[in-house]
$ cat my_file_12.pdb   # PDB, C-alpha atoms
ATOM      1  CA  MET A   1      87.366 141.303  80.415
ATOM      2  CA  ASN A   2      89.847 143.982  79.382
ATOM      3  CA  SER A   3      92.812 142.409  77.611
ATOM      4  CA  ASP A   4      94.938 145.542  78.232
ATOM      5  CA  ILE A   5      94.745 145.170  82.015
ATOM      6  CA  LYS A   6      96.390 142.402  84.016
ATOM      7  CA  PRO A   7      93.566 140.055  85.021
ATOM      8  CA  THR A   8      92.587 139.738  88.638
ATOM      9  CA  VAL A   9      91.434 136.152  88.108
ATOM     10  CA  SER A  10      92.613 133.442  85.743
ATOM     11  CA  PHE A  11      89.903 130.820  85.328
ATOM     12  CA  VAL A  12      91.423 127.430  84.518
ATOM     13  CA  ILE A  13      89.128 124.712  83.177
ATOM     14  CA  VAL A  14      90.049 121.281  81.837
ATOM     15  CA  CYS A  15      87.493 119.786  79.447
ATOM     16  CA  MET A  16      87.705 116.322  77.926
ATOM     17  CA  ASN A  17      85.983 116.921  74.583
ATOM     18  CA  ASN A  18      82.621 117.588  76.228
ATOM     19  CA  LEU A  19      81.016 120.810  75.008
ATOM     20  CA  LYS A  20      77.745 119.900  76.710
ATOM     21  CA  ASN A  21      79.465 120.401  80.083
ATOM     22  CA  LEU A  22      81.721 123.265  79.081
ATOM     23  CA  TYR A  23      79.335 125.718  77.419
ATOM     24  CA  PRO A  24      77.018 126.270  80.424
ATOM     25  CA  CYS A  25      80.087 126.700  82.638
ATOM     26  CA  LEU A  26      81.605 129.356  80.376
ATOM     27  CA  ASP A  27      78.270 131.132  79.976
ATOM     28  CA  SER A  28      77.784 131.275  83.740
ATOM     29  CA  ILE A  29      81.256 132.733  84.271
ATOM     30  CA  LYS A  30      80.608 135.476  81.718
ATOM     31  CA  THR A  31      77.175 136.254  83.165
ATOM     32  CA  HIS A  32      78.251 136.439  86.802
ATOM     33  CA  THR A  33      81.795 137.864  86.774
ATOM     34  CA  THR A  34      82.676 141.571  86.809
ATOM     35  CA  VAL A  35      86.294 141.511  88.023
ATOM     36  CA  ASN A  36      88.825 141.563  85.219
ATOM     37  CA  TYR A  37      89.581 138.008  84.199
ATOM     38  CA  GLU A  38      90.989 135.654  81.628
ATOM     39  CA  THR A  39      89.690 132.162  80.888
ATOM     40  CA  LEU A  40      92.056 129.362  79.959
ATOM     41  CA  VAL A  41      90.437 126.161  78.707
ATOM     42  CA  VAL A  42      92.528 123.032  78.316
ATOM     43  CA  ALA A  43      90.948 121.249  75.345
ATOM     44  CA  TYR A  44      91.834 117.688  76.293
ATOM     45  CA  LEU A  45      91.724 115.101  73.486
ATOM     46  CA  PHE A  46      89.308 117.282  71.514
ATOM     47  CA  SER A  47      88.026 116.270  68.118
ATOM     48  CA  GLN A  48      88.861 118.789  65.409
ATOM     49  CA  ILE A  49      85.138 119.482  64.948
ATOM     50  CA  ASN A  50      84.634 120.362  68.618
ATOM     51  CA  LEU A  51      87.861 122.345  68.758
ATOM     52  CA  GLN A  52      86.817 124.491  65.801
ATOM     53  CA  LYS A  53      83.323 124.959  67.220
ATOM     54  CA  LEU A  54      84.745 126.069  70.581
ATOM     55  CA  LYS A  55      87.021 128.611  68.871
ATOM     56  CA  GLU A  56      84.113 130.041  66.887
ATOM     57  CA  ASP A  57      81.593 130.137  69.743
ATOM     58  CA  TYR A  58      83.927 131.492  72.454
ATOM     59  CA  PRO A  59      86.545 133.741  70.817
ATOM     60  CA  TRP A  60      87.231 135.429  74.183
ATOM     61  CA  ILE A  61      88.778 132.349  75.827
ATOM     62  CA  THR A  62      92.344 131.078  75.530
ATOM     63  CA  ILE A  63      92.413 127.473  74.322
ATOM     64  CA  ILE A  64      95.321 125.238  75.244
ATOM     65  CA  GLU A  65      95.331 122.041  73.249
ATOM     66  CA  SER A  66      96.234 118.849  75.089
ATOM     67  CA  ASN A  67      96.447 116.017  72.618
ATOM     68  CA  GLU A  68      98.358 113.462  74.694
ATOM     69  CA  ILE A  69      96.976 111.390  77.557
ATOM     70  CA  ARG A  70      97.398 113.506  80.674
ATOM     71  CA  GLY A  71      95.842 113.461  84.113
ATOM     72  CA  PHE A  72      93.923 116.158  85.969
ATOM     73  CA  SER A  73      97.122 117.538  87.530
ATOM     74  CA  GLU A  74      99.104 117.624  84.294
ATOM     75  CA  ASN A  75      96.297 119.214  82.299
ATOM     76  CA  ASN A  76      95.611 121.897  84.874
ATOM     77  CA  ASN A  77      99.311 122.664  85.172
ATOM     78  CA  LEU A  78      99.505 123.322  81.418
ATOM     79  CA  ALA A  79      97.180 126.289  81.935
ATOM     80  CA  LEU A  80      98.214 127.307  85.450
ATOM     81  CA  ARG A  81     101.799 127.886  84.311
ATOM     82  CA  GLN A  82     100.466 130.355  81.711
ATOM     83  CA  ALA A  83      98.049 132.158  84.032
ATOM     84  CA  LYS A  84      98.562 135.921  84.312
ATOM     85  CA  GLY A  85      96.036 136.666  87.052
ATOM     86  CA  GLU A  86      96.686 137.616  90.658
ATOM     87  CA  PHE A  87      94.484 134.623  91.526
ATOM     88  CA  CYS A  88      93.867 131.313  89.796
ATOM     89  CA  PHE A  89      90.362 129.878  89.915
ATOM     90  CA  VAL A  90      90.503 126.151  89.205
ATOM     91  CA  LEU A  91      87.119 124.875  88.029
ATOM     92  CA  ASN A  92      85.693 121.618  86.749
ATOM     93  CA  ASP A  93      83.904 121.991  83.432
ATOM     94  CA  ASP A  94      80.655 120.780  85.033
ATOM     95  CA  THR A  95      80.391 123.673  87.511
ATOM     96  CA  LEU A  96      77.861 126.495  87.294
ATOM     97  CA  PHE A  97      77.807 130.018  88.733
ATOM     98  CA  GLU A  98      74.458 131.392  89.852
ATOM     99  CA  MET A  99      76.005 134.388  91.635
ATOM    100  CA  PRO A 100      79.238 136.422  91.248
ATOM    101  CA  VAL A 101      81.367 133.674  92.779
ATOM    102  CA  ALA A 102      84.766 134.956  91.655
ATOM    103  CA  ASP A 103      84.009 138.551  92.689
ATOM    104  CA  LYS A 104      82.877 137.495  96.147
ATOM    105  CA  LEU A 105      85.824 135.174  96.739
ATOM    106  CA  VAL A 106      88.281 137.866  95.675
ATOM    107  CA  ASP A 107      86.592 140.215  98.155
ATOM    108  CA  SER A 108      86.880 137.517 100.819
ATOM    109  CA  PHE A 109      90.660 137.854 100.772
ATOM    110  CA  GLU A 110      90.194 141.435 102.003
ATOM    111  CA  PHE A 111      88.210 140.188 104.987
ATOM    112  CA  GLN A 112      90.649 137.369 105.780
ATOM    113  CA  LYS A 113      94.123 138.586 104.856
ATOM    114  CA  GLU A 114      95.964 135.498 106.123
ATOM    115  CA  ALA A 115      94.155 133.302 103.589
ATOM    116  CA  SER A 116      96.018 131.851 100.616
ATOM    117  CA  ILE A 117      93.138 129.774  99.262
ATOM    118  CA  PHE A 118      89.386 130.387  99.328
ATOM    119  CA  SER A 119      86.690 127.861  98.489
ATOM    120  CA  PRO A 120      82.968 128.409  97.962
ATOM    121  CA  THR A 121      80.231 126.150  99.241
ATOM    122  CA  ILE A 122      79.886 123.516  96.541
ATOM    123  CA  LEU A 123      76.332 122.352  95.905
ATOM    124  CA  ASN A 124      74.888 119.338  94.137
ATOM    125  CA  GLU A 125      72.413 119.808  91.322
ATOM    126  CA  ASP A 126      69.510 119.567  93.822
ATOM    127  CA  ASN A 127      71.065 122.334  95.997
ATOM    128  CA  SER A 128      72.166 119.941  98.725
ATOM    129  CA  ILE A 129      75.692 120.523 100.031
ATOM    130  CA  GLN A 130      78.478 118.580  98.363
ATOM    131  CA  HIS A 131      81.345 120.336 100.165
ATOM    132  CA  CYS A 132      81.438 123.186 102.642
ATOM    133  CA  GLY A 133      85.065 122.940 103.596
ATOM    134  CA  ARG A 134      86.986 119.690 104.012
ATOM    135  CA  PRO A 135      88.730 118.515 107.178
ATOM    136  CA  PRO A 136      92.114 116.759 107.337
ATOM    137  CA  ILE A 137      91.567 113.289 105.882
ATOM    138  CA  LYS A 138      93.544 110.548 107.572
ATOM    139  CA  THR A 139      94.199 107.053 106.293
ATOM    140  CA  PHE A 140      91.451 105.557 108.466
ATOM    141  CA  ASP A 141      88.998 108.155 107.135
ATOM    142  CA  PHE A 142      89.848 107.042 103.597
ATOM    143  CA  VAL A 143      89.289 103.366 104.510
ATOM    144  CA  LYS A 144      85.904 104.116 106.087
ATOM    145  CA  HIS A 145      84.973 106.190 103.042
ATOM    146  CA  ILE A 146      85.672 103.496 100.447
ATOM    147  CA  PHE A 147      83.745 100.902 102.478
ATOM    148  CA  ASN A 148      80.780 103.314 102.745
ATOM    149  CA  LEU A 149      81.082 103.417 106.533
ATOM    150  CA  LYS A 150      81.503 107.195 106.735
ATOM    151  CA  LYS A 151      81.658 109.712 103.920
ATOM    152  CA  TYR A 152      84.179 112.535 104.052
ATOM    153  CA  GLU A 153      81.412 115.129 104.161
ATOM    154  CA  ASN A 154      80.017 113.538 107.336
ATOM    155  CA  ILE A 155      83.232 113.961 109.317
ATOM    156  CA  ILE A 156      82.489 116.320 112.204
ATOM    157  CA  SER A 157      85.197 118.956 112.388
ATOM    158  CA  LYS A 158      85.773 122.657 112.939
ATOM    159  CA  TYR A 159      87.079 122.699 109.363
ATOM    160  CA  ASN A 160      83.784 122.008 107.591
ATOM    161  CA  ASN A 161      80.087 122.874 107.576
ATOM    162  CA  GLN A 162      80.476 126.146 109.494
ATOM    163  CA  THR A 163      78.878 129.510 108.682
ATOM    164  CA  GLY A 164      80.310 132.688 107.217
ATOM    165  CA  ILE A 165      84.063 132.795 106.606
ATOM    166  CA  PHE A 166      85.933 130.014 108.385
ATOM    167  CA  GLN A 167      89.234 128.194 108.162
ATOM    168  CA  THR A 168      89.212 124.839 106.452
ATOM    169  CA  TYR A 169      91.995 122.336 105.821
ATOM    170  CA  ASN A 170      91.458 120.647 102.463
ATOM    171  CA  ILE A 171      90.050 121.880  99.187
ATOM    172  CA  SER A 172      87.984 120.286  96.453
ATOM    173  CA  GLY A 173      89.628 120.350  93.040
ATOM    174  CA  SER A 174      86.252 121.083  91.468
ATOM    175  CA  ALA A 175      86.346 124.747  92.574
ATOM    176  CA  PHE A 176      88.847 126.847  94.509
ATOM    177  CA  LEU A 177      90.538 130.247  94.236
ATOM    178  CA  ILE A 178      94.240 130.451  95.097
ATOM    179  CA  LYS A 179      96.812 133.241  95.088
ATOM    180  CA  THR A 180      98.943 132.644  92.012
ATOM    181  CA  GLU A 181     102.189 133.399  93.851
ATOM    182  CA  VAL A 182     101.318 130.759  96.459
ATOM    183  CA  LEU A 183     100.472 128.203  93.791
ATOM    184  CA  ARG A 184     103.869 128.756  92.206
ATOM    185  CA  LYS A 185     105.632 128.327  95.543
ATOM    186  CA  LEU A 186     103.753 125.044  96.001
ATOM    187  CA  ASN A 187     104.945 123.993  92.518
ATOM    188  CA  TYR A 188     101.392 123.583  91.194
ATOM    189  CA  PHE A 189      99.600 120.209  91.321
ATOM    190  CA  ASP A 190     101.667 117.093  92.013
ATOM    191  CA  GLU A 191     101.645 115.236  88.689
ATOM    192  CA  ARG A 192     102.167 111.831  90.302
ATOM    193  CA  TYR A 193      98.417 111.840  90.906
ATOM    194  CA  PHE A 194      96.626 111.163  87.650
ATOM    195  CA  PHE A 195      93.057 111.352  88.931
ATOM    196  CA  CYS A 196      92.737 112.000  92.684
ATOM    197  CA  PRO A 197      93.802 112.912  95.313
ATOM    198  CA  GLU A 198      95.744 115.794  93.761
ATOM    199  CA  ASP A 199      93.501 118.397  95.426
ATOM    200  CA  ILE A 200      93.977 116.959  98.927
ATOM    201  CA  ALA A 201      97.711 116.609  98.255
ATOM    202  CA  LEU A 202      97.913 120.301  97.248
ATOM    203  CA  SER A 203      96.030 121.660 100.256
ATOM    204  CA  THR A 204      97.853 119.326 102.663
ATOM    205  CA  LYS A 205     101.158 120.633 101.317
ATOM    206  CA  ALA A 206      99.871 124.202 101.627
ATOM    207  CA  ASN A 207      98.963 123.688 105.277
ATOM    208  CA  LEU A 208     102.309 122.075 106.073
ATOM    209  CA  GLN A 209     104.085 125.096 104.568
ATOM    210  CA  GLY A 210     102.029 127.565 106.600
ATOM    211  CA  TYR A 211      99.494 128.647 103.967
ATOM    212  CA  LYS A 212      95.899 128.759 105.172
ATOM    213  CA  CYS A 213      92.727 127.635 103.413
ATOM    214  CA  TYR A 214      89.369 129.279 104.032
ATOM    215  CA  VAL A 215      85.751 128.912 102.968
ATOM    216  CA  ASN A 216      83.175 131.618 102.424
ATOM    217  CA  GLU A 217      80.054 129.614 103.161
ATOM    218  CA  GLU A 218      77.785 132.293 101.722
ATOM    219  CA  VAL A 219      79.362 131.989  98.259
ATOM    220  CA  LYS A 220      77.860 129.048  96.396
ATOM    221  CA  LEU A 221      78.215 127.274  93.081
ATOM    222  CA  LYS A 222      76.893 124.025  91.657
ATOM    223  CA  HIS A 223      78.975 121.023  90.711
ATOM    224  CA  LEU A 224      77.172 118.442  88.623
ATOM    225  CA  HIS A 225      79.322 115.764  90.236
ATOM    226  CA  GLY A 226      80.466 112.797  88.157
ATOM    227  CA  LYS A 227      79.414 114.092  84.750
ATOM    228  CA  THR A 228      83.033 114.520  83.636
ATOM    229  CA  SER A 229      84.288 111.057  84.525
ATOM    230  CA  LYS A 230      81.471 108.504  84.625
ATOM    231  CA  LYS A 231      82.005 107.174  81.105
ATOM    232  CA  ILE A 232      85.675 106.429  81.711
ATOM    233  CA  GLU A 233      85.405 105.260  85.315
ATOM    234  CA  ALA A 234      86.826 101.863  84.314
ATOM    235  CA  ALA A 235      90.113 103.711  83.764
ATOM    236  CA  THR A 236      89.902 106.558  86.289
ATOM    237  CA  LEU A 237      88.961 104.454  89.334
ATOM    238  CA  PRO A 238      92.008 102.138  89.260
ATOM    239  CA  ALA A 239      94.265 105.153  88.620
ATOM    240  CA  SER A 240      92.602 106.975  91.499
ATOM    241  CA  ARG A 241      92.995 104.060  93.903
ATOM    242  CA  LYS A 242      96.689 103.793  93.035
ATOM    243  CA  GLY A 243      97.083 107.514  93.653
ATOM    244  CA  THR A 244      95.460 107.281  97.075
ATOM    245  CA  VAL A 245      97.855 104.489  98.018
ATOM    246  CA  ILE A 246     100.798 106.759  97.152
ATOM    247  CA  PHE A 247      99.341 109.673  99.135
ATOM    248  CA  TYR A 248      98.066 107.958 102.278
ATOM    249  CA  SER A 249     101.040 105.626 102.645
ATOM    250  CA  ALA A 250     103.542 108.400 101.849
ATOM    251  CA  ASP A 251     104.837 105.763  99.412
ATOM    252  CA  TYR A 252     106.255 103.865 102.423
ATOM    253  CA  GLY A 253     106.639 100.092 102.029
ATOM    254  CA  VAL A 254     104.654  98.545 104.920
ATOM    255  CA  ASN A 255     101.859 101.139 104.869
ATOM    256  CA  LYS A 256     101.672 100.893 101.101
ATOM    257  CA  LYS A 257     101.250  97.124 101.110
ATOM    258  CA  LEU A 258      98.588  97.285 103.815
ATOM    259  CA  LEU A 259      96.576  99.847 101.860
ATOM    260  CA  GLU A 260      96.873  97.794  98.689
ATOM    261  CA  ILE A 261      95.447  94.777 100.516
ATOM    262  CA  ILE A 262      92.569  96.861 101.911
ATOM    263  CA  ILE A 263      91.712  98.211  98.446
ATOM    264  CA  PHE A 264      91.891  94.702  96.970
ATOM    265  CA  LEU A 265      89.405  93.552  99.645
ATOM    266  CA  GLU A 266      87.159  96.510  98.804
ATOM    267  CA  SER A 267      86.969  95.251  95.223
ATOM    268  CA  LEU A 268      86.290  91.679  96.351
ATOM    269  CA  ILE A 269      83.332  92.916  98.376
ATOM    270  CA  LYS A 270      81.885  95.304  95.780
ATOM    271  CA  ILE A 271      82.215  93.181  92.640
ATOM    272  CA  PRO A 272      79.471  90.672  93.650
ATOM    273  CA  VAL A 273      77.145  93.594  94.423
ATOM    274  CA  TYR A 274      77.625  95.059  90.951
ATOM    275  CA  ILE A 275      77.090  91.616  89.417
ATOM    276  CA  ILE A 276      73.788  91.202  91.274
ATOM    277  CA  PHE A 277      72.556  94.683  90.377
ATOM    278  CA  TRP A 278      74.360  94.587  87.015
ATOM    279  CA  ASN A 279      76.292  97.806  86.823
ATOM    280  CA  LYS A 280      78.724  97.065  84.022
ATOM    281  CA  ILE A 281      80.796 100.240  84.407
ATOM    282  CA  LYS A 282      81.302  99.758  88.149
ATOM    283  CA  LEU A 283      81.938  96.039  87.740
ATOM    284  CA  THR A 284      84.636  96.654  85.137
ATOM    285  CA  ALA A 285      86.176  99.469  87.187
ATOM    286  CA  TYR A 286      86.569  97.352  90.317
ATOM    287  CA  ARG A 287      87.892  94.402  88.325
ATOM    288  CA  HIS A 288      90.565  96.730  86.984
ATOM    289  CA  VAL A 289      91.345  97.903  90.518
ATOM    290  CA  MET A 290      91.916  94.284  91.591
ATOM    291  CA  PHE A 291      94.230  93.596  88.678
ATOM    292  CA  SER A 292      96.292  96.782  89.064
ATOM    293  CA  ILE A 293      96.529  97.673  92.737
ATOM    294  CA  PHE A 294      99.568  95.470  93.476
ATOM    295  CA  SER A 295     101.386  96.429  90.279
ATOM    296  CA  SER A 296     104.398  98.729  90.151
ATOM    297  CA  SER A 297     102.675 100.832  87.479
ATOM    298  CA  THR A 298     102.072 104.525  88.063
ATOM    299  CA  PRO A 299      98.514 105.907  88.170
ATOM    300  CA  LYS A 300      99.052 107.321  84.678
ATOM    301  CA  GLU A 301     100.275 103.995  83.293
ATOM    302  CA  ILE A 302      97.248 102.264  84.808
ATOM    303  CA  PHE A 303      94.876 104.797  83.259
ATOM    304  CA  ILE A 304      96.448 104.444  79.826
ATOM    305  CA  ARG A 305      96.209 100.647  79.983
ATOM    306  CA  TYR A 306      92.473 100.635  80.648
ATOM    307  CA  TYR A 307      91.553 103.761  78.700
ATOM    308  CA  LYS A 308      92.846 102.125  75.530
ATOM    309  CA  LYS A 309      90.452  99.237  76.141
ATOM    310  CA  ILE A 310      87.517 101.631  76.489
ATOM    311  CA  VAL A 311      88.214 103.640  73.342
TER     312      VAL A 311
END

$ encode --input "my_file_12.pdb" --output "structure tokens"
Amino acid sequence: MNSDIKPTVSFVIVCMNNLKNLYPCLDSIKTHTTVNYETLVVAYLFSQINLQKLKEDYPWITIIESNEIRGFSENNNLALRQAKGEFCFVLNDDTLFEMPVADKLVDSFEFQKEASIFSPTILNEDNSIQHCGRPPIKTFDFVKHIFNLKKYENIISKYNNQTGIFQTYNISGSAFLIKTEVLRKLNYFDERYFFCPEDIALSTKANLQGYKCYVNEEVKLKHLHGKTSKKIEAATLPASRKGTVIFYSADYGVNKKLLEIIIFLESLIKIPVYIIFWNKIKLTAYRHVMFSIFSSSTPKEIFIRYYKKIV
């Protein structure tokens, strides 16, 4: 980290007042990164105590305060628009480096010069694969996914679960490296999506505009999936479902209504299960999906409505 030299990589991390997630992530970046970099942390709805502690413990990061309710896209864009690096590395705060991930992905662009985006292999905490590339995800794939008929990661495609460096189609918003100039041409994340599927929307747009996404399967990091959102799932899930309706229907009337009906049926099926096995968070989340899916509210408006009930 040399502040007098333009950074090669701008790490961008959104954290919702959770130092327990953030500190190991920051420590792992510092331990395993040798390319020149800057780290921008969006301190989302931070308490003053945690904000002061973060400033004292990590004086080398740039903190961007976000004190209004904003979604994943909006919060990331706050930092991405300030990034000075040749590349932007978007990371969830619950990711961990155990190797020089950024260095190796930057080097990967030298091996595959037509790439605009590179992703690592994303592992679960137990070292099983969470994502190794992501194929194009069609509406029917989404429907099968939400009904637990076929998970995205089990789709057989040339775009995922290959070896070495290979072309993929979609990215995971938990970890990807993108050329900053390309990100600007794509106009950053689409802020219509409050919480999913902003990552799929970004990479789909990239592909349609001729930018190519790649994976270096040998570069790995861990994503402790769900630790950032589980407590507020009663607000994020209904916002997410509304966002997927907008994306997969292209906001087109007939398709939109059909998807809304399918998602309503999903909730009808899952709610009795969560009553039987008594999962209060899931039960509340799917009740909120039922009550909001046919509304004209935006994903952000839906989140705000239910988040206020939680806090």

$ resolve_selection --input "my_file_12.pdb" --expression "the PyMOL selection byres ((chain A and resi 106) around 12)" --output "JSON, numbers by chain"
{"A": [8, 9, 10, 33, 34, 35, 36, 37, 85, 86, 87, 88, 89, 100, 101, 102, 103, 104, 105, 107, 108, 109, 110, 111, 112, 113, 115, 116, 117, 118, 119, 120, 176, 177, 178, 179, 215, 216, 219]}

$ atom_distance --input "my_file_12.pdb" --atom1 "atom CA of A:Pro299" --atom2 "atom CA of A:Ala239"
4.3 Å

$ resolve_selection --input "my_file_12.pdb" --expression "the PyMOL selection byres ((chain A and resi 127) around 12)" --output "list in words"
Leu96, Glu98, Thr121, Ile122, Leu123, Asn124, Glu125, Asp126, Ser128, Ile129, Gln130, His131, Lys220, Leu221, Lys222, His223 and Leu224 of chain A

$ resolve_selection --input "my_file_12.pdb" --expression "the PyMOL selection byres ((chain A and resi 267) around 12)" --output "PDB file with C-alpha atoms, keeping the file's coordinate frame"
ATOM      1  CA  ILE A 146      85.672 103.496 100.447  1.00  0.00           C
ATOM      2  CA  PHE A 147      83.745 100.902 102.478  1.00  0.00           C
ATOM      3  CA  LEU A 237      88.961 104.454  89.334  1.00  0.00           C
ATOM      4  CA  PRO A 238      92.008 102.138  89.260  1.00  0.00           C
ATOM      5  CA  ARG A 241      92.995 104.060  93.903  1.00  0.00           C
ATOM      6  CA  GLU A 260      96.873  97.794  98.689  1.00  0.00           C
ATOM      7  CA  ILE A 261      95.447  94.777 100.516  1.00  0.00           C
ATOM      8  CA  ILE A 262      92.569  96.861 101.911  1.00  0.00           C
ATOM      9  CA  ILE A 263      91.712  98.211  98.446  1.00  0.00           C
ATOM     10  CA  PHE A 264      91.891  94.702  96.970  1.00  0.00           C
ATOM     11  CA  LEU A 265      89.405  93.552  99.645  1.00  0.00           C
ATOM     12  CA  GLU A 266      87.159  96.510  98.804  1.00  0.00           C
ATOM     13  CA  LEU A 268      86.290  91.679  96.351  1.00  0.00           C
ATOM     14  CA  ILE A 269      83.332  92.916  98.376  1.00  0.00           C
ATOM     15  CA  LYS A 270      81.885  95.304  95.780  1.00  0.00           C
ATOM     16  CA  ILE A 271      82.215  93.181  92.640  1.00  0.00           C
ATOM     17  CA  PRO A 272      79.471  90.672  93.650  1.00  0.00           C
ATOM     18  CA  VAL A 273      77.145  93.594  94.423  1.00  0.00           C
ATOM     19  CA  TYR A 274      77.625  95.059  90.951  1.00  0.00           C
ATOM     20  CA  LYS A 282      81.302  99.758  88.149  1.00  0.00           C
ATOM     21  CA  LEU A 283      81.938  96.039  87.740  1.00  0.00           C
ATOM     22  CA  THR A 284      84.636  96.654  85.137  1.00  0.00           C
ATOM     23  CA  ALA A 285      86.176  99.469  87.187  1.00  0.00           C
ATOM     24  CA  TYR A 286      86.569  97.352  90.317  1.00  0.00           C
ATOM     25  CA  ARG A 287      87.892  94.402  88.325  1.00  0.00           C
ATOM     26  CA  HIS A 288      90.565  96.730  86.984  1.00  0.00           C
ATOM     27  CA  VAL A 289      91.345  97.903  90.518  1.00  0.00           C
ATOM     28  CA  MET A 290      91.916  94.284  91.591  1.00  0.00           C
ATOM     29  CA  PHE A 291      94.230  93.596  88.678  1.00  0.00           C
ATOM     30  CA  SER A 292      96.292  96.782  89.064  1.00  0.00           C
ATOM     31  CA  ILE A 293      96.529  97.673  92.737  1.00  0.00           C
TER      32      ILE A 293
END

$ atom_distance --input "my_file_12.pdb" --atom1 "atom CA of A:Lys185" --atom2 "atom CA of A:Gln209"
9.7 Å

$ atom_distance --input "my_file_12.pdb" --atom1 "atom CA of A:Pro7" --atom2 "atom CA of A:Trp60"
13.4 Å

$ closest_residue --input "my_file_12.pdb" --among "A:Ala83, A:Met99, A:Ile171, A:Leu51" --to "A:Thr31" --atoms "all atoms listed in the file"
A:Met99

$ residues_around --input "my_file_12.pdb" --residues "stretch 66-69 of chain A" --least-positions-apart "4" --cutoff "9 Å" --atoms "only C-alpha atoms" --output "list in words"
Val42, Ala43, Tyr44, Leu45, Phe46, Asn75, Leu78, Lys300, Phe303 and Ile304 of chain A

$ closest_residue --input "my_file_12.pdb" --among "A:Leu54, A:Val12, A:Cys196, A:Ile165" --to "A:Leu91" --atoms "only C-alpha atoms"
A:Val12

$ closest_residue --input "my_file_12.pdb" --among "A:Ala79, A:Leu19, A:Ala206, A:Ile5" --to "A:Gln52" --atoms "all atoms listed in the file"
A:Leu19

$ closest_residue --input "my_file_12.pdb" --among "A:Arg192, A:Lys53, A:Lys20, A:Lys205" --to "A:Lys242" --atoms "only C-alpha atoms"
A:Arg192

$ closest_residue --input "my_file_12.pdb" --among "A:Ile137, A:Ile155, A:Ile310, A:Val41" --to "A:Lys231" --atoms "only C-alpha atoms"
A:Ile310

$ closest_residue --input "my_file_12.pdb" --among "A:Tyr152, A:Tyr23, A:Phe166, A:Trp278" --to "A:Glu218" --atoms "all atoms listed in the file"
A:Phe166

$ residues_around --input "my_file_12.pdb" --residues "A:Phe247" --least-positions-apart "2" --cutoff "12 Å" --atoms "only C-alpha atoms" --output "MDAnalysis selection string"
chainID A and resid 137:139 142 190 192:194 196:202 204:205 240:245 249:252 255:256 259 299
